[in-house]
>>> print(open('input.pdb').read())   # PDB, C-alpha atoms
ATOM      1  CA  MET U   1     176.351-193.506  15.548  1.00  0.00           C
ATOM      2  CA  ALA U   2     177.958-196.886  14.897  1.00  0.00           C
ATOM      3  CA  VAL U   3     179.152-198.989  17.804  1.00  0.00           C
ATOM      4  CA  SER U   4     182.352-200.937  17.295  1.00  0.00           C
ATOM      5  CA  ASN U   5     182.409-204.606  18.277  1.00  0.00           C
ATOM      6  CA  SER U   6     185.006-203.865  20.937  1.00  0.00           C
ATOM      7  CA  ASP U   7     182.568-201.491  22.666  1.00  0.00           C
ATOM      8  CA  GLN U   8     179.580-203.835  22.520  1.00  0.00           C
ATOM      9  CA  GLU U   9     178.466-206.174  25.202  1.00  0.00           C
ATOM     10  CA  THR U  10     177.950-209.793  24.272  1.00  0.00           C
ATOM     11  CA  VAL U  11     174.450-211.221  24.624  1.00  0.00           C
ATOM     12  CA  LEU U  12     174.298-214.845  25.740  1.00  0.00           C
ATOM     13  CA  VAL U  13     171.306-216.695  24.294  1.00  0.00           C
ATOM     14  CA  ILE U  14     170.215-219.872  26.027  1.00  0.00           C
ATOM     15  CA  GLY U  15     167.894-221.888  23.813  1.00  0.00           C
ATOM     16  CA  ALA U  16     169.245-220.641  20.488  1.00  0.00           C
ATOM     17  CA  THR U  17     169.149-224.125  18.967  1.00  0.00           C
ATOM     18  CA  GLY U  18     165.857-225.139  20.564  1.00  0.00           C
ATOM     19  CA  ARG U  19     163.015-226.688  18.687  1.00  0.00           C
ATOM     20  CA  HIS U  20     160.186-224.968  20.534  1.00  0.00           C
ATOM     21  CA  GLY U  21     158.816-222.726  17.833  1.00  0.00           C
ATOM     22  CA  GLY U  22     162.225-221.354  16.899  1.00  0.00           C
ATOM     23  CA  THR U  23     162.072-218.564  19.484  1.00  0.00           C
ATOM     24  CA  GLY U  24     165.787-218.713  20.292  1.00  0.00           C
ATOM     25  CA  ALA U  25     166.759-218.652  16.621  1.00  0.00           C
ATOM     26  CA  ARG U  26     164.561-215.589  16.067  1.00  0.00           C
ATOM     27  CA  VAL U  27     166.160-213.842  19.042  1.00  0.00           C
ATOM     28  CA  VAL U  28     169.616-214.539  17.577  1.00  0.00           C
ATOM     29  CA  GLU U  29     168.529-213.202  14.165  1.00  0.00           C
ATOM     30  CA  ARG U  30     167.144-210.002  15.676  1.00  0.00           C
ATOM     31  CA  LEU U  31     170.203-209.402  17.836  1.00  0.00           C
ATOM     32  CA  GLN U  32     172.493-209.890  14.842  1.00  0.00           C
ATOM     33  CA  ALA U  33     170.344-207.599  12.717  1.00  0.00           C
ATOM     34  CA  ALA U  34     170.794-204.968  15.410  1.00  0.00           C
ATOM     35  CA  GLY U  35     174.562-205.454  15.188  1.00  0.00           C
ATOM     36  CA  ARG U  36     174.924-207.182  18.551  1.00  0.00           C
ATOM     37  CA  LEU U  37     177.567-209.783  19.414  1.00  0.00           C
ATOM     38  CA  VAL U  38     175.867-213.090  20.171  1.00  0.00           C
ATOM     39  CA  ARG U  39     177.051-216.119  22.130  1.00  0.00           C
ATOM     40  CA  ALA U  40     174.937-219.270  22.424  1.00  0.00           C
ATOM     41  CA  LEU U  41     174.882-222.122  24.874  1.00  0.00           C
ATOM     42  CA  VAL U  42     174.754-225.430  23.005  1.00  0.00           C
ATOM     43  CA  ARG U  43     174.467-228.843  24.628  1.00  0.00           C
ATOM     44  CA  SER U  44     176.006-230.680  21.694  1.00  0.00           C
ATOM     45  CA  ASP U  45     178.207-229.748  18.777  1.00  0.00           C
ATOM     46  CA  ASP U  46     175.731-230.718  16.073  1.00  0.00           C
ATOM     47  CA  ASP U  47     174.397-229.287  12.805  1.00  0.00           C
ATOM     48  CA  ARG U  48     172.335-226.653  14.634  1.00  0.00           C
ATOM     49  CA  ALA U  49     175.429-225.416  16.484  1.00  0.00           C
ATOM     50  CA  GLU U  50     177.374-225.343  13.220  1.00  0.00           C
ATOM     51  CA  ARG U  51     174.670-223.226  11.545  1.00  0.00           C
ATOM     52  CA  LEU U  52     174.925-220.747  14.399  1.00  0.00           C
ATOM     53  CA  ARG U  53     178.710-220.555  14.035  1.00  0.00           C
ATOM     54  CA  GLN U  54     178.409-220.041  10.291  1.00  0.00           C
ATOM     55  CA  SER U  55     176.114-217.087  10.957  1.00  0.00           C
ATOM     56  CA  GLY U  56     178.718-215.492  13.239  1.00  0.00           C
ATOM     57  CA  VAL U  57     177.485-216.671  16.627  1.00  0.00           C
ATOM     58  CA  GLN U  58     180.056-217.794  19.185  1.00  0.00           C
ATOM     59  CA  THR U  59     178.956-221.192  20.511  1.00  0.00           C
ATOM     60  CA  LEU U  60     180.051-222.733  23.773  1.00  0.00           C
ATOM     61  CA  LEU U  61     179.240-226.228  24.988  1.00  0.00           C
ATOM     62  CA  GLY U  62     177.499-226.343  28.314  1.00  0.00           C
ATOM     63  CA  ASP U  63     174.628-227.633  30.372  1.00  0.00           C
ATOM     64  CA  LEU U  64     172.373-225.620  32.656  1.00  0.00           C
ATOM     65  CA  HIS U  65     172.479-228.526  35.113  1.00  0.00           C
ATOM     66  CA  ASP U  66     176.278-228.344  35.383  1.00  0.00           C
ATOM     67  CA  ARG U  67     177.418-225.149  37.088  1.00  0.00           C
ATOM     68  CA  ARG U  68     181.023-225.694  36.022  1.00  0.00           C
ATOM     69  CA  THR U  69     180.035-225.049  32.389  1.00  0.00           C
ATOM     70  CA  LEU U  70     178.191-221.811  33.141  1.00  0.00           C
ATOM     71  CA  ALA U  71     181.096-219.600  34.239  1.00  0.00           C
ATOM     72  CA  PRO U  72     182.764-219.548  30.788  1.00  0.00           C
ATOM     73  CA  LEU U  73     179.386-218.825  29.172  1.00  0.00           C
ATOM     74  CA  LEU U  74     178.797-215.807  31.371  1.00  0.00           C
ATOM     75  CA  ASP U  75     182.337-214.435  31.201  1.00  0.00           C
ATOM     76  CA  GLY U  76     182.134-211.182  29.274  1.00  0.00           C
ATOM     77  CA  ALA U  77     178.392-211.397  28.658  1.00  0.00           C
ATOM     78  CA  GLY U  78     176.553-208.194  29.461  1.00  0.00           C
ATOM     79  CA  SER U  79     173.110-209.736  29.241  1.00  0.00           C
ATOM     80  CA  VAL U  80     171.403-213.114  28.951  1.00  0.00           C
ATOM     81  CA  TYR U  81     168.269-214.132  27.072  1.00  0.00           C
ATOM     82  CA  VAL U  82     166.642-217.455  27.960  1.00  0.00           C
ATOM     83  CA  ALA U  83     164.324-218.800  25.283  1.00  0.00           C
TER
END
>>> encode(input="input.pdb", output="structure tokens")
Amino acid sequence: MAVSNSDQETVLVIGATGRHGGTGARVVERLQAAGRLVRALVRSDDDRAERLRQSGVQTLLGDLHDRRTLAPLLDGAGSVYVA
């Protein structure tokens, strides 16, 4: 049974652009392969963030040390993965 995008929960991935072994990028790839909607926290709008957007990931600027930036990240997210 196929799940439409409107019925799917969004998965927020924190660490999707990280350089620590590429764990976050692999998580994003696997979620997308499973047909999940993916949102990523990015600290800067750089080439890594652009690659995510080109692959269909929604990117939002934010910082884990700034609570004000977290509310929009979590809005509508059904789950969070921290890499």
>>> resolve_selection(input="input.pdb", expression="the PyMOL selection byres ((chain U and resi 9) around 8)", output="ChimeraX atom specification")
/U:7-8,10-11,36-37,76-79
>>> write_last_selection(input="input.pdb", atoms="C-alpha atoms", output="short mmCIF file (atom, residue, chain, number, x, y, z; two decimals), in the frame of the given file")
data_model
loop_
_atom_site.label_atom_id
_atom_site.label_comp_id
_atom_site.auth_asym_id
_atom_site.auth_seq_id
_atom_site.Cartn_x
_atom_site.Cartn_y
_atom_site.Cartn_z
CA ASP U 7 182.57 -201.49 22.67
CA GLN U 8 179.58 -203.84 22.52
CA THR U 10 177.95 -209.79 24.27
CA VAL U 11 174.45 -211.22 24.62
CA ARG U 36 174.92 -207.18 18.55
CA LEU U 37 177.57 -209.78 19.41
CA GLY U 76 182.13 -211.18 29.27
CA ALA U 77 178.39 -211.40 28.66
CA GLY U 78 176.55 -208.19 29.46
CA SER U 79 173.11 -209.74 29.24
#
>>> closest_residue(input="input.pdb", among="U:Ala34, U:Leu41, U:Val28, U:Leu52", to="Thr69 (chain U)", atoms="only C-alpha atoms")
U:Leu41
>>> closest_residue(input="input.pdb", among="U:Arg48, U:Arg39, U:Pro72, U:Ser55", to="Leu12 (chain U)", atoms="all atoms listed in the file")
U:Arg39
>>> resolve_selection(input="input.pdb", expression="the PyMOL selection byres ((chain U and resi 16) around 10)", output="JSON, numbers by chain")
{"U": [12, 13, 14, 15, 17, 18, 19, 22, 23, 24, 25, 26, 27, 28, 29, 39, 40, 41, 42, 48, 49, 52, 57, 59, 81, 82, 83]}
>>> residues_around(input="input.pdb", residues="Arg43 (chain U)", least_positions_apart="2", cutoff="8 Å", atoms="all atoms listed in the file", output="ChimeraX atom specification")
/U:41,45,61-63
>>> atom_distance(input="input.pdb", atom1="CA of Val38 (chain U)", atom2="CA of Gln58 (chain U)")
6.4 Å
>>> axis_aligned_box(input="input.pdb", around="region 21-32 of chain U", padding_each_side="3 Å", output="AutoDock Vina command-line options")
--center_x 165.7 --center_y -216.1 --center_z 17.2 --size_x 19.7 --size_y 19.3 --size_z 12.1
>>> atom_distance(input="input.pdb", atom1="CA of Leu74 (chain U)", atom2="CA of Gly56 (chain U)")
18.1 Å
